[in-house]
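Enquirer: Supplied structure: start31.cif, mmCIF, C-alpha atoms.
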data_entry
#
loop_
_atom_site.group_PDB
_atom_site.id
_atom_site.type_symbol
_atom_site.label_atom_id
_atom_site.label_comp_id
_atom_site.auth_asym_id
_atom_site.auth_seq_id
_atom_site.Cartn_x
_atom_site.Cartn_y
_atom_site.Cartn_z
ATOM 1 C CA MET A 107 0.000 0.000 0.000
ATOM 2 C CA THR A 108 2.899 2.305 0.758
ATOM 3 C CA ALA A 109 4.306 1.685 -2.704
ATOM 4 C CA TYR A 110 0.997 2.625 -4.312
ATOM 5 C CA LEU A 111 0.586 5.700 -2.100
ATOM 6 C CA CYS A 112 4.023 6.930 -3.156
ATOM 7 C CA LEU A 113 3.278 6.230 -6.819
ATOM 8 C CA GLY A 114 -0.140 7.863 -6.505
ATOM 9 C CA LEU A 115 1.517 11.214 -5.875
ATOM 10 C CA TRP A 116 2.065 11.462 -9.619
ATOM 11 C CA SER A 117 -1.188 12.037 -11.418
ATOM 12 C CA ARG A 118 -0.045 9.983 -14.403
ATOM 13 C CA LEU A 119 0.228 6.865 -12.231
ATOM 14 C CA ARG A 120 -3.053 7.131 -10.322
ATOM 15 C CA PHE A 121 -4.709 4.757 -12.770
ATOM 16 C CA LEU A 122 -2.960 1.874 -10.975
ATOM 17 C CA GLY A 123 -5.337 2.409 -8.037
ATOM 18 C CA ALA A 124 -8.239 0.893 -9.927
ATOM 19 C CA PHE A 125 -6.346 -2.357 -10.280
ATOM 20 C CA ALA A 126 -4.425 -2.315 -6.994
ATOM 21 C CA SER A 127 -7.294 -1.466 -4.639
ATOM 22 C CA PRO A 128 -8.959 -4.940 -4.643
ATOM 23 C CA VAL A 129 -5.620 -6.550 -3.812
ATOM 24 C CA LEU A 130 -4.916 -3.989 -1.085
ATOM 25 C CA PHE A 131 -8.384 -4.573 0.361
ATOM 26 C CA ALA A 132 -7.753 -8.326 0.572
ATOM 27 C CA VAL A 133 -4.375 -7.772 2.238
ATOM 28 C CA GLY A 134 -5.983 -5.346 4.716
ATOM 29 C CA VAL A 135 -8.664 -7.873 5.670
ATOM 30 C CA PHE A 136 -5.987 -10.535 6.178
ATOM 31 C CA ALA A 137 -3.966 -8.157 8.373
ATOM 32 C CA LEU A 138 -6.970 -7.614 10.656
ATOM 33 C CA MET A 139 -7.275 -11.309 11.489
ATOM 34 C CA PRO A 140 -7.072 -11.919 15.238
ATOM 35 C CA GLY A 141 -4.174 -13.873 16.595
ATOM 36 C CA LEU A 142 -1.526 -12.517 14.239
ATOM 37 C CA ASP A 143 -0.031 -10.150 16.816
ATOM 38 C CA VAL A 144 1.618 -11.231 20.054
ATOM 39 C CA LYS A 145 0.455 -9.230 23.068
ATOM 40 C CA SER A 146 2.907 -8.352 25.832
ATOM 41 C CA ALA A 147 2.773 -6.199 28.954
ATOM 42 C CA GLU A 148 5.520 -3.866 27.751
ATOM 43 C CA PRO A 149 6.535 -2.991 24.198
ATOM 44 C CA VAL A 150 9.500 -4.974 22.968
ATOM 45 C CA PHE A 151 11.831 -3.211 20.534
ATOM 46 C CA THR A 152 14.040 -6.035 19.355
ATOM 47 C CA GLY A 153 14.391 -7.661 15.990
ATOM 48 C CA GLY A 154 15.177 -4.564 13.929
ATOM 49 C CA TRP A 155 17.022 -6.544 11.269
ATOM 50 C CA LEU A 156 14.153 -9.008 11.035
ATOM 51 C CA SER A 157 11.615 -6.192 10.641
ATOM 52 C CA LEU A 158 13.754 -4.513 7.970
ATOM 53 C CA HIS A 159 14.168 -7.872 6.213
ATOM 54 C CA VAL A 160 10.404 -8.468 6.110
ATOM 55 C CA ALA A 161 9.596 -4.871 5.112
ATOM 56 C CA LEU A 162 12.043 -4.915 2.191
ATOM 57 C CA PHE A 163 10.667 -8.190 0.876
ATOM 58 C CA VAL A 164 7.058 -7.025 1.191
ATOM 59 C CA LEU A 165 7.826 -3.775 -0.637
ATOM 60 C CA ALA A 166 9.695 -5.714 -3.347
ATOM 61 C CA TYR A 167 6.738 -8.028 -3.910
ATOM 62 C CA ALA A 168 4.391 -5.028 -3.908
ATOM 63 C CA ALA A 169 6.461 -3.392 -6.651
ATOM 64 C CA PHE A 170 6.446 -6.655 -8.616
ATOM 65 C CA GLY A 171 2.662 -6.836 -8.193
ATOM 66 C CA LEU A 172 2.185 -3.288 -9.463
ATOM 67 C CA SER A 173 4.492 -4.084 -12.373
ATOM 68 C CA CYS A 174 2.306 -7.101 -13.136
ATOM 69 C CA ILE A 175 -0.797 -4.892 -13.111
ATOM 70 C CA ALA A 176 0.869 -2.398 -15.458
ATOM 71 C CA GLY A 177 1.883 -5.331 -17.675
ATOM 72 C CA LEU A 178 -1.715 -6.584 -17.778
ATOM 73 C CA MET A 179 -2.891 -3.113 -18.693
ATOM 74 C CA TYR A 180 -0.240 -2.989 -21.427
ATOM 75 C CA LEU A 181 -1.371 -6.332 -22.850
ATOM 76 C CA THR A 182 -5.016 -5.222 -22.770
ATOM 77 C CA GLN A 183 -4.214 -1.959 -24.539
ATOM 78 C CA GLU A 184 -2.091 -3.753 -27.114
ATOM 79 C CA HIS A 185 -4.852 -6.286 -27.808
ATOM 80 C CA ASP A 186 -7.455 -3.545 -28.189
ATOM 81 C CA LEU A 187 -5.222 -1.541 -30.517
ATOM 82 C CA LYS A 188 -4.360 -4.604 -32.583
ATOM 83 C CA PHE A 189 -7.993 -5.559 -33.175
ATOM 84 C CA HIS A 190 -9.259 -1.974 -33.323
ATOM 85 C CA LYS A 191 -11.441 -2.391 -30.238
ATOM 86 C CA PHE A 192 -12.170 0.744 -28.294
ATOM 87 C CA ARG A 193 -13.913 -0.084 -25.059
ATOM 88 C CA ALA A 194 -15.212 2.743 -22.897
ATOM 89 C CA VAL A 195 -13.381 1.586 -19.766
ATOM 90 C CA PHE A 196 -10.054 1.073 -21.475
ATOM 91 C CA SER A 197 -10.190 4.325 -23.375
ATOM 92 C CA LEU A 198 -9.355 6.024 -20.066
ATOM 93 C CA MET A 199 -6.148 4.027 -19.645
ATOM 94 C CA PRO A 200 -2.826 5.775 -20.137
ATOM 95 C CA PRO A 201 -0.894 5.446 -23.391
ATOM 96 C CA ILE A 202 0.755 2.131 -24.075
ATOM 97 C CA GLN A 203 4.262 3.663 -24.019
ATOM 98 C CA ARG A 204 3.716 5.009 -20.504
ATOM 99 C CA LEU A 205 2.505 1.609 -19.317
ATOM 100 C CA GLU A 206 5.685 -0.004 -20.586
ATOM 101 C CA ILE A 207 7.845 2.596 -18.815
ATOM 102 C CA VAL A 208 5.890 2.251 -15.571
ATOM 103 C CA ALA A 209 6.100 -1.555 -15.657
ATOM 104 C CA SER A 210 9.857 -1.515 -16.260
ATOM 105 C CA ARG A 211 10.573 1.062 -13.552
ATOM 106 C CA LEU A 212 8.437 -0.779 -11.012
ATOM 107 C CA LEU A 213 10.203 -4.015 -11.888
ATOM 108 C CA LEU A 214 13.587 -2.339 -11.361
ATOM 109 C CA ALA A 215 12.467 -0.839 -8.029
ATOM 110 C CA GLY A 216 11.221 -4.249 -6.888
ATOM 111 C CA PHE A 217 14.482 -5.869 -7.923
ATOM 112 C CA LEU A 218 16.514 -3.316 -5.963
ATOM 113 C CA LEU A 219 14.310 -3.816 -2.889
ATOM 114 C CA LEU A 220 14.615 -7.605 -3.223
ATOM 115 C CA THR A 221 18.388 -7.294 -3.480
ATOM 116 C CA ALA A 222 18.474 -5.086 -0.360
ATOM 117 C CA GLY A 223 16.262 -7.622 1.442
ATOM 118 C CA LEU A 224 18.664 -10.447 0.578
ATOM 119 C CA VAL A 225 21.632 -8.391 1.804
ATOM 120 C CA VAL A 226 19.850 -7.567 5.085
ATOM 121 C CA SER A 227 18.998 -11.271 5.442
ATOM 122 C CA ALA A 228 22.671 -12.178 5.145
ATOM 123 C CA ILE A 229 23.638 -9.574 7.770
ATOM 124 C CA TRP A 230 20.890 -10.707 10.129
ATOM 125 C CA SER A 231 21.781 -14.406 9.756
ATOM 126 C CA ARG A 232 25.428 -13.669 10.581
ATOM 127 C CA GLN A 233 24.426 -11.838 13.751
ATOM 128 C CA MET A 234 22.109 -14.670 14.809
ATOM 129 C CA ASN A 235 24.597 -17.411 13.757
ATOM 130 C CA VAL A 236 21.925 -19.122 11.672
ATOM 131 C CA ARG A 237 22.930 -21.311 8.725
ATOM 132 C CA PHE A 238 20.514 -21.066 5.795
ATOM 133 C CA ALA A 239 22.356 -23.347 3.388
ATOM 134 C CA GLY A 240 19.910 -25.439 1.380
ATOM 135 C CA ASP A 241 16.790 -23.905 2.914
ATOM 136 C CA PRO A 242 13.954 -24.097 0.319
ATOM 137 C CA LYS A 243 12.797 -20.516 0.971
ATOM 138 C CA ILE A 244 16.319 -19.132 0.493
ATOM 139 C CA VAL A 245 16.818 -21.123 -2.700
ATOM 140 C CA TRP A 246 13.412 -19.918 -3.914
ATOM 141 C CA SER A 247 14.301 -16.286 -3.078
ATOM 142 C CA PHE A 248 17.504 -16.473 -5.098
ATOM 143 C CA PHE A 249 15.599 -18.079 -7.975
ATOM 144 C CA VAL A 250 13.077 -15.204 -7.911
ATOM 145 C CA TRP A 251 15.997 -12.755 -7.807
ATOM 146 C CA ALA A 252 17.581 -14.439 -10.855
ATOM 147 C CA LEU A 253 14.223 -14.473 -12.666
ATOM 148 C CA TYR A 254 13.755 -10.730 -12.257
ATOM 149 C CA LEU A 255 17.414 -10.053 -13.072
ATOM 150 C CA THR A 256 16.855 -11.932 -16.337
ATOM 151 C CA LEU A 257 13.794 -9.804 -17.105
ATOM 152 C CA ILE A 258 15.715 -6.603 -16.408
ATOM 153 C CA LEU A 259 18.685 -7.697 -18.542
ATOM 154 C CA MET A 260 16.369 -8.678 -21.392
ATOM 155 C CA ARG A 261 14.707 -5.259 -21.182
ATOM 156 C CA TRP A 262 17.788 -3.036 -21.110
ATOM 157 C CA LYS A 263 20.607 -5.096 -22.577
ATOM 158 C CA PHE A 264 18.768 -6.959 -25.334
ATOM 159 C CA ALA A 265 15.972 -4.408 -25.976
ATOM 160 C CA GLN A 266 13.193 -6.911 -25.310
ATOM 161 C CA GLY A 267 10.346 -4.560 -24.563
ATOM 162 C CA GLY A 268 6.692 -4.372 -25.291
ATOM 163 C CA ARG A 269 4.669 -7.519 -25.289
ATOM 164 C CA ARG A 270 7.446 -9.926 -24.230
ATOM 165 C CA PHE A 271 8.418 -7.747 -21.313
ATOM 166 C CA ALA A 272 4.784 -7.344 -20.206
ATOM 167 C CA TRP A 273 4.266 -11.110 -20.336
ATOM 168 C CA GLY A 274 7.493 -11.560 -18.361
ATOM 169 C CA ALA A 275 6.299 -9.181 -15.639
ATOM 170 C CA VAL A 276 2.915 -10.913 -15.443
ATOM 171 C CA CYS A 277 4.294 -14.461 -15.471
ATOM 172 C CA GLY A 278 7.064 -13.584 -13.003
ATOM 173 C CA PHE A 279 4.584 -12.276 -10.459
ATOM 174 C CA LEU A 280 2.226 -15.207 -11.043
ATOM 175 C CA PHE A 281 5.134 -17.517 -10.272
ATOM 176 C CA VAL A 282 5.761 -15.614 -7.035
ATOM 177 C CA LEU A 283 2.069 -15.781 -6.094
ATOM 178 C CA LEU A 284 1.741 -19.487 -6.807
ATOM 179 C CA THR A 285 4.948 -20.655 -5.124
ATOM 180 C CA PHE A 286 5.407 -18.296 -2.158
ATOM 181 C CA TRP A 287 3.448 -20.272 0.430
ATOM 182 C CA GLY A 288 4.784 -23.608 -0.776
ATOM 183 C CA SER A 289 8.369 -22.496 -0.328
ATOM 184 C CA SER A 290 7.486 -21.047 3.094
ATOM 185 C CA LEU A 291 5.857 -24.276 4.234
ATOM 186 C CA LEU A 292 8.833 -26.358 3.083
ATOM 187 C CA SER A 293 11.295 -24.144 4.947
ATOM 188 C CA PRO A 294 12.047 -25.143 8.539
ATOM 189 C CA ILE A 295 13.187 -21.569 9.311
ATOM 190 C CA HIS A 296 10.302 -19.656 7.699
ATOM 191 C CA LYS A 297 7.353 -21.656 9.003
ATOM 192 C CA PRO A 298 4.326 -19.338 9.278
ATOM 193 C CA GLY A 299 2.432 -19.300 12.535
ATOM 194 C CA PRO A 300 3.491 -20.211 16.096
#
Kindly return the structure encoded in the file as structure tokens.

Expert:
Amino acid sequence: MTAYLCLGLWSRLRFLGAFASPVLFAVGVFALMPGLDVKSAEPVFTGGWLSLHVALFVLAYAAFGLSCIAGLMYLTQEHDLKFHKFRAVFSLMPPIQRLEIVASRLLLAGFLLLTAGLVVSAIWSRQMNVRFAGDPKIVWSFFVWALYLTLILMRWKFAQGGRRFAWGAVCGFLFVLLTFWGSSLLSPIHKPGP
């Protein structure tokens, strides 16, 4: 939500709100579920590296999600332009060139946040003397990092833009959505819940 609020400051990017708001609503309802927070008599201010680690990963996935939405909008616009369809709802969408720029910049921002999250994870694990070698969630995280690095290199080094890039952003985020919980459940370190 923070990523969208920052992007919403620019009037040219406010269109993302129509696509991001249902997802943000679902996340907000999930966050209100009882039993997710641990109550204590006094506030405990420990675990700064862990909080930073989680925040960076959440912001990275949020940027990837917004990039996916921009990619879907790009593919919709391209399809409508190709078949000369002018729907009333989609006529209010931004130009196709702007969608491509927004998707690529969001993907780059997400990649940088994911990289920072991995670096913070390494620092935190050294301080806690935790060995993550072979952990499924860590292997999955590095695979996601390599996937998005490949998309970024294809975009800027090999000039693969447009439709291929939009499909890459959409498929990359779908992969993250479909495999996130599985990799978390397989990981002995990242088990959700108590």

Enquirer: Since I can't run it myself right now, could you work out what the PyMOL selection byres ((chain A and resi 155) around 9) selects here and report it as a VMD selection string?

Expert: chain A and resid 152 to 154 156 to 160 226 to 227 229 to 230

Enquirer: Counting all atoms listed in the file, what is within 10 Å of Gly267 of chain A, bar same-chain residues fewer than 4 positions away, as a list in words?

Expert: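 Near neighbours after the sequence-gap exclusion: Glu206, Ile207, Ser210, Leu257, Ile258, Met260, Arg261, Trp262, Phe271, Ala272, Trp273 and Gly274 of chain A.
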
Enquirer: Give me, please, the distance in Å between atom CA of Gly288 of chain A and atom CA of Arg211 of chain A, quoted to one decimal.

Expert: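 For atom CA of Gly288 of chain A relative to atom CA of Arg211 of chain A, the distance reads 28.4 Å.
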
Enquirer: Taking the file as I've supplied it (selection: the PyMOL selection byres ((chain A and resi 163) around 12)), which residues are included? Please answer as a ChimeraX atom specification.

Expert: /A:156-162,164-170,215-227,247,250-251,282,286

Enquirer: Which value, in Å to one decimal, gives the distance between atom CA of Lys243 of chain A and atom CA of Ser289 of chain A?

Expert: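 Computing the Euclidean distance for atom CA of Lys243 of chain A and atom CA of Ser289 of chain A yields 5.0 Å.
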
Enquirer: Show me as a short mmCIF file (atom, residue, chain, number, x, y, z; two decimals) with C-alpha atoms, keeping the file's coordinate frame the residues that reach within 6 Å of (3.2, -0.5, -16.0), counting only C-alpha atoms and using the file's own coordinates.

Expert:
data_model
loop_
_atom_site.label_atom_id
_atom_site.label_comp_id
_atom_site.auth_asym_id
_atom_site.auth_seq_id
_atom_site.Cartn_x
_atom_site.Cartn_y
_atom_site.Cartn_z
CA SER A 173 4.49 -4.08 -12.37
CA ALA A 176 0.87 -2.40 -15.46
CA GLY A 177 1.88 -5.33 -17.68
CA LEU A 205 2.50 1.61 -19.32
CA GLU A 206 5.68 0.00 -20.59
CA VAL A 208 5.89 2.25 -15.57
CA ALA A 209 6.10 -1.56 -15.66
#

Enquirer: In Å, with one decimal, what is the gap from atom CA of Ile295 of chain A to atom CA of Val135 of chain A?

Expert: 26.0 Å

Enquirer: Which of these residues is nearest to Glu184 of chain A, using only C-alpha atoms: A:Leu172, A:Leu283, A:Ile202, A:Leu113?

Expert: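 The answer is A:Ile202, which sits nearest to Glu184 of chain A.
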